[in-house]
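Novice: Provided herewith is a single structure, encoded as structure tokens, for subsequent inquiry.
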Amino acid sequence: MGYILELRKVLGSRPLIMAGAGVLIINEKGEVLLQKRRDNGRWDYPAGSMELGESFEECARREVLEETGLTCGRLEFFMDLSGADSFYEYPNGDQTYAAVIIYICRDFSGDLKAQEDEVVTQAFFPLDGLPEKNDPRGLGIFDKLRARLQSR
């Protein structure tokens with residue numbers, strides 16, 4: 001059982017600061033990997049909460065492997081996510097404030113395999129053709145990614 005699930009047993013749905021990491025995986029065509037989440041039906045990038053003793057980078061690599069079956073090579077810092085804008089309430093009522101590092105990864109290997117209990121499906125999308133219902137927190141992460149990639 002994970003650290004956050006252990007805390008939820010004690011604290012219920014009260015707001016938690018949830019440390020974690022996410023990865024924007026970019027393929028050779030410049031497309032980003034998104035996965036349709038089972039809990040809210042939204043499209044999002046692979047991400048998750050940190051386990052005790054993990055670094056942000058270790059968390060990012062583990063979450064990508066667990067959720068997608070892919071192994072990340074080089075991770076490039078993209079942005080941090082924290083503060084009031086990072087509040088999110090899950091469909092089950094659990095409330096969190098994220099303290100997350102988001103990375104970009106263009107160097108990955110393996111075959112896509114969705115983590116069935118969390119992910120409905122996953123696919124690479126061009127940044128100008130993202131599915132609706134993306135960026136669940138409404139923070140413009142994909143707009144920032146588009147700007148970053150165009151500036152290079």
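By order of appearance in the structure tokens: chains A, B, ..., then residues from 1 within every chain, and ligands from 1 in the order shown.
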List the neighbours of Gly83 of chain A out to 12 Å using only C-alpha atoms; skip same-chain residues closer than 5 positions along the sequence, and give me the result as a ChimeraX atom specification.
Specialist: /A:17-19,88,96-100,139
Novice: Can you list, as a ChimeraX atom specification, every protein, DNA or RNA residue that comes within 10 Å of Arg38 of chain A when you count only C-alpha atoms, leaving out same-chain residues fewer than 5 positions away?
Specialist: /A:43,115-121
Novice: If you run DSSP on the backbone, which residues of chain A are alpha helix (DSSP H), as number ranges by chain?
Specialist: A: 3-11, 56-68, 141-150
Novice: Quick one: residues within 10 Å of Ile104 of chain A, only C-alpha atoms, excluding same-chain residues fewer than 4 positions away - as a PyMOL selection string?
Specialist: chain A and resi 22-26+32+72+74-79+145
Novice: What gap, in Å, lies between atom CA of Gly129 of chain A and atom CA of Lys29 of chain A?
Specialist: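 Atom CA of Lys29 of chain A lies 13.0 Å from atom CA of Gly129 of chain A.
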Novice: Please indicate the distance in Å from atom CA of Ala47 of chain A to atom CA of Gly110 of chain A, rounded to one decimal place.
Specialist: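 Pair atom CA of Ala47 of chain A / atom CA of Gly110 of chain A returns 17.6 Å.
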Novice: Could you give me, as a tab-separated table, every segment 40-115 of chain A residue with an atom at most 12 Å from segment 5-9 of chain A, plus its closest atom pair and distance in Å to one decimal, counting only C-alpha atoms, rows ordered by chain then number?
Specialist:
```
residue	atom	partner	partner_atom	distance
A:Ser49	CA	A:Leu5	CA	10.3
A:Met50	CA	A:Leu5	CA	11.6
A:Glu51	CA	A:Leu5	CA	10.6
A:Leu52	CA	A:Glu6	CA	11.4
A:Asn92	CA	A:Arg8	CA	11.7
A:Gly93	CA	A:Arg8	CA	11.2
A:Asp94	CA	A:Arg8	CA	8.2
A:Gln95	CA	A:Arg8	CA	10.2
A:Thr96	CA	A:Arg8	CA	11.0
```
Novice: Write the residues you've just listed into a file as a tab-separated table (two decimals), in the first residue's frame, and include N, CA and C atoms for each of them.
Specialist:
```
chain	number	residue	atom	x	y	z
A	49	SER	N	2.17	10.31	-6.97
A	49	SER	CA	2.71	10.77	-5.70
A	49	SER	C	3.99	10.02	-5.33
A	50	MET	N	4.79	10.72	-4.58
A	50	MET	CA	6.09	10.22	-4.14
A	50	MET	C	5.91	9.22	-3.00
A	51	GLU	N	6.75	8.21	-3.01
A	51	GLU	CA	6.79	7.27	-1.89
A	51	GLU	C	7.90	7.71	-0.93
A	52	LEU	N	7.83	7.26	0.30
A	52	LEU	CA	8.84	7.64	1.30
A	52	LEU	C	10.25	7.30	0.79
A	92	ASN	N	-13.54	10.89	-5.69
A	92	ASN	CA	-13.95	10.26	-4.44
A	92	ASN	C	-13.97	11.23	-3.26
A	93	GLY	N	-13.65	12.52	-3.51
A	93	GLY	CA	-13.68	13.54	-2.46
A	93	GLY	C	-12.34	13.83	-1.82
A	94	ASP	N	-11.32	13.03	-2.08
A	94	ASP	CA	-9.99	13.30	-1.53
A	94	ASP	C	-9.47	14.62	-2.10
A	95	GLN	N	-8.96	15.46	-1.20
A	95	GLN	CA	-8.47	16.78	-1.60
A	95	GLN	C	-6.95	16.85	-1.46
A	96	THR	N	-6.30	17.49	-2.44
A	96	THR	CA	-4.85	17.61	-2.41
A	96	THR	C	-4.40	18.99	-2.89
```
Novice: Chain A: which residues are strand (DSSP E) by DSSP, as number ranges by chain?
Specialist: A: 16-25, 32-37, 43-44, 47-49, 71-72, 76-81, 87-89, 95-105, 108-109, 119-125
Novice: Name the residues in contact with Leu127 of chain A at a cut-off of 8 Å, using only C-alpha atoms, excluding same-chain residues fewer than 2 positions from it; report them as a ChimeraX atom specification.
Specialist: /A:30-32,125,129-130,142,146
Novice: Once you have the residues from the selection above, write them out as a PDB file, in the first residue's frame, restricted to all heavy atoms.
Specialist:
```pdb
ATOM      1  N   GLY A  30       7.240  14.870 -32.163  1.00  0.00           N
ATOM      2  CA  GLY A  30       6.871  16.031 -31.351  1.00  0.00           C
ATOM      3  C   GLY A  30       5.517  15.891 -30.693  1.00  0.00           C
ATOM      4  O   GLY A  30       4.942  16.870 -30.215  1.00  0.00           O
ATOM      5  N   GLU A  31       4.993  14.665 -30.631  1.00  0.00           N
ATOM      6  CA  GLU A  31       3.699  14.414 -30.001  1.00  0.00           C
ATOM      7  C   GLU A  31       3.904  14.079 -28.523  1.00  0.00           C
ATOM      8  O   GLU A  31       4.935  13.538 -28.145  1.00  0.00           O
ATOM      9  CB  GLU A  31       3.002  13.244 -30.691  1.00  0.00           C
ATOM     10  CG  GLU A  31       2.717  13.478 -32.160  1.00  0.00           C
ATOM     11  CD  GLU A  31       2.294  12.215 -32.883  1.00  0.00           C
ATOM     12  OE1 GLU A  31       2.798  11.119 -32.554  1.00  0.00           O
ATOM     13  OE2 GLU A  31       1.446  12.329 -33.793  1.00  0.00           O
ATOM     14  N   VAL A  32       2.887  14.384 -27.718  1.00  0.00           N
ATOM     15  CA  VAL A  32       2.954  14.133 -26.276  1.00  0.00           C
ATOM     16  C   VAL A  32       2.060  12.946 -25.923  1.00  0.00           C
ATOM     17  O   VAL A  32       0.967  12.793 -26.469  1.00  0.00           O
ATOM     18  CB  VAL A  32       2.563  15.398 -25.475  1.00  0.00           C
ATOM     19  CG1 VAL A  32       1.121  15.812 -25.705  1.00  0.00           C
ATOM     20  CG2 VAL A  32       2.827  15.215 -23.986  1.00  0.00           C
ATOM     21  N   PHE A 125      -0.349  12.406 -28.958  1.00  0.00           N
ATOM     22  CA  PHE A 125      -1.145  13.425 -29.644  1.00  0.00           C
ATOM     23  C   PHE A 125      -0.268  14.594 -30.053  1.00  0.00           C
ATOM     24  O   PHE A 125       0.607  15.015 -29.278  1.00  0.00           O
ATOM     25  CB  PHE A 125      -2.239  13.975 -28.712  1.00  0.00           C
ATOM     26  CG  PHE A 125      -3.287  12.983 -28.347  1.00  0.00           C
ATOM     27  CD1 PHE A 125      -3.147  12.204 -27.216  1.00  0.00           C
ATOM     28  CD2 PHE A 125      -4.423  12.827 -29.126  1.00  0.00           C
ATOM     29  CE1 PHE A 125      -4.114  11.284 -26.858  1.00  0.00           C
ATOM     30  CE2 PHE A 125      -5.399  11.911 -28.781  1.00  0.00           C
ATOM     31  CZ  PHE A 125      -5.246  11.134 -27.638  1.00  0.00           C
ATOM     32  N   GLY A 129      -3.483  19.142 -31.506  1.00  0.00           N
ATOM     33  CA  GLY A 129      -4.609  18.231 -31.663  1.00  0.00           C
ATOM     34  C   GLY A 129      -4.880  17.427 -30.414  1.00  0.00           C
ATOM     35  O   GLY A 129      -5.190  16.240 -30.490  1.00  0.00           O
ATOM     36  N   LEU A 130      -4.771  18.071 -29.264  1.00  0.00           N
ATOM     37  CA  LEU A 130      -4.997  17.373 -27.990  1.00  0.00           C
ATOM     38  C   LEU A 130      -6.477  17.052 -27.822  1.00  0.00           C
ATOM     39  O   LEU A 130      -7.341  17.804 -28.264  1.00  0.00           O
ATOM     40  CB  LEU A 130      -4.528  18.240 -26.820  1.00  0.00           C
ATOM     41  CG  LEU A 130      -3.044  18.561 -26.769  1.00  0.00           C
ATOM     42  CD1 LEU A 130      -2.754  19.497 -25.603  1.00  0.00           C
ATOM     43  CD2 LEU A 130      -2.209  17.300 -26.652  1.00  0.00           C
ATOM     44  N   PHE A 142      -0.107  22.355 -21.089  1.00  0.00           N
ATOM     45  CA  PHE A 142       0.166  22.029 -22.481  1.00  0.00           C
ATOM     46  C   PHE A 142       0.447  23.282 -23.305  1.00  0.00           C
ATOM     47  O   PHE A 142       1.213  23.228 -24.264  1.00  0.00           O
ATOM     48  CB  PHE A 142      -0.953  21.175 -23.069  1.00  0.00           C
ATOM     49  CG  PHE A 142      -1.102  19.863 -22.345  1.00  0.00           C
ATOM     50  CD1 PHE A 142      -2.250  19.557 -21.643  1.00  0.00           C
ATOM     51  CD2 PHE A 142      -0.065  18.940 -22.336  1.00  0.00           C
ATOM     52  CE1 PHE A 142      -2.375  18.357 -20.959  1.00  0.00           C
ATOM     53  CE2 PHE A 142      -0.170  17.732 -21.653  1.00  0.00           C
ATOM     54  CZ  PHE A 142      -1.330  17.453 -20.969  1.00  0.00           C
ATOM     55  N   ARG A 146       3.852  23.739 -25.345  1.00  0.00           N
ATOM     56  CA  ARG A 146       3.867  24.165 -26.743  1.00  0.00           C
ATOM     57  C   ARG A 146       4.824  25.340 -26.924  1.00  0.00           C
ATOM     58  O   ARG A 146       5.652  25.345 -27.842  1.00  0.00           O
ATOM     59  CB  ARG A 146       2.448  24.538 -27.178  1.00  0.00           C
ATOM     60  CG  ARG A 146       2.285  24.780 -28.651  1.00  0.00           C
ATOM     61  CD  ARG A 146       0.822  25.099 -29.024  1.00  0.00           C
ATOM     62  NE  ARG A 146      -0.074  23.985 -28.735  1.00  0.00           N
ATOM     63  CZ  ARG A 146      -0.964  23.963 -27.728  1.00  0.00           C
ATOM     64  NH1 ARG A 146      -1.076  24.988 -26.910  1.00  0.00           N
ATOM     65  NH2 ARG A 146      -1.733  22.933 -27.551  1.00  0.00           N
TER      66      ARG A 146
END
```
Novice: Of the candidates A:Leu112, A:Ser82, A:Ala147, A:Gly20, which one gets nearest to Gly53 of chain A if we count only C-alpha atoms?
Specialist: A:Gly20
Novice: In Å, with one decimal, what is the gap from atom CA of Asp39 of chain A to atom CA of Tyr90 of chain A?
Specialist: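 Separation between atom CA of Asp39 of chain A and atom CA of Tyr90 of chain A: 7.9 Å.
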Novice: Using only C-alpha atoms, can you tell me which of A:Asp111, A:Tyr103, A:Pro131, A:Ser13 comes closest to Pro91 of chain A?
Specialist: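 Going through A:Asp111, A:Tyr103, A:Pro131, A:Ser13 one by one, the smallest distance to Pro91 of chain A is for A:Ser13.
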Novice: Smallest atom-to-atom distance to Ser86 of chain A: which of A:Leu11, A:Asp128, A:Lys36, A:Gly140, using only C-alpha atoms?
Specialist: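 The closest residue to Ser86 of chain A is A:Gly140.
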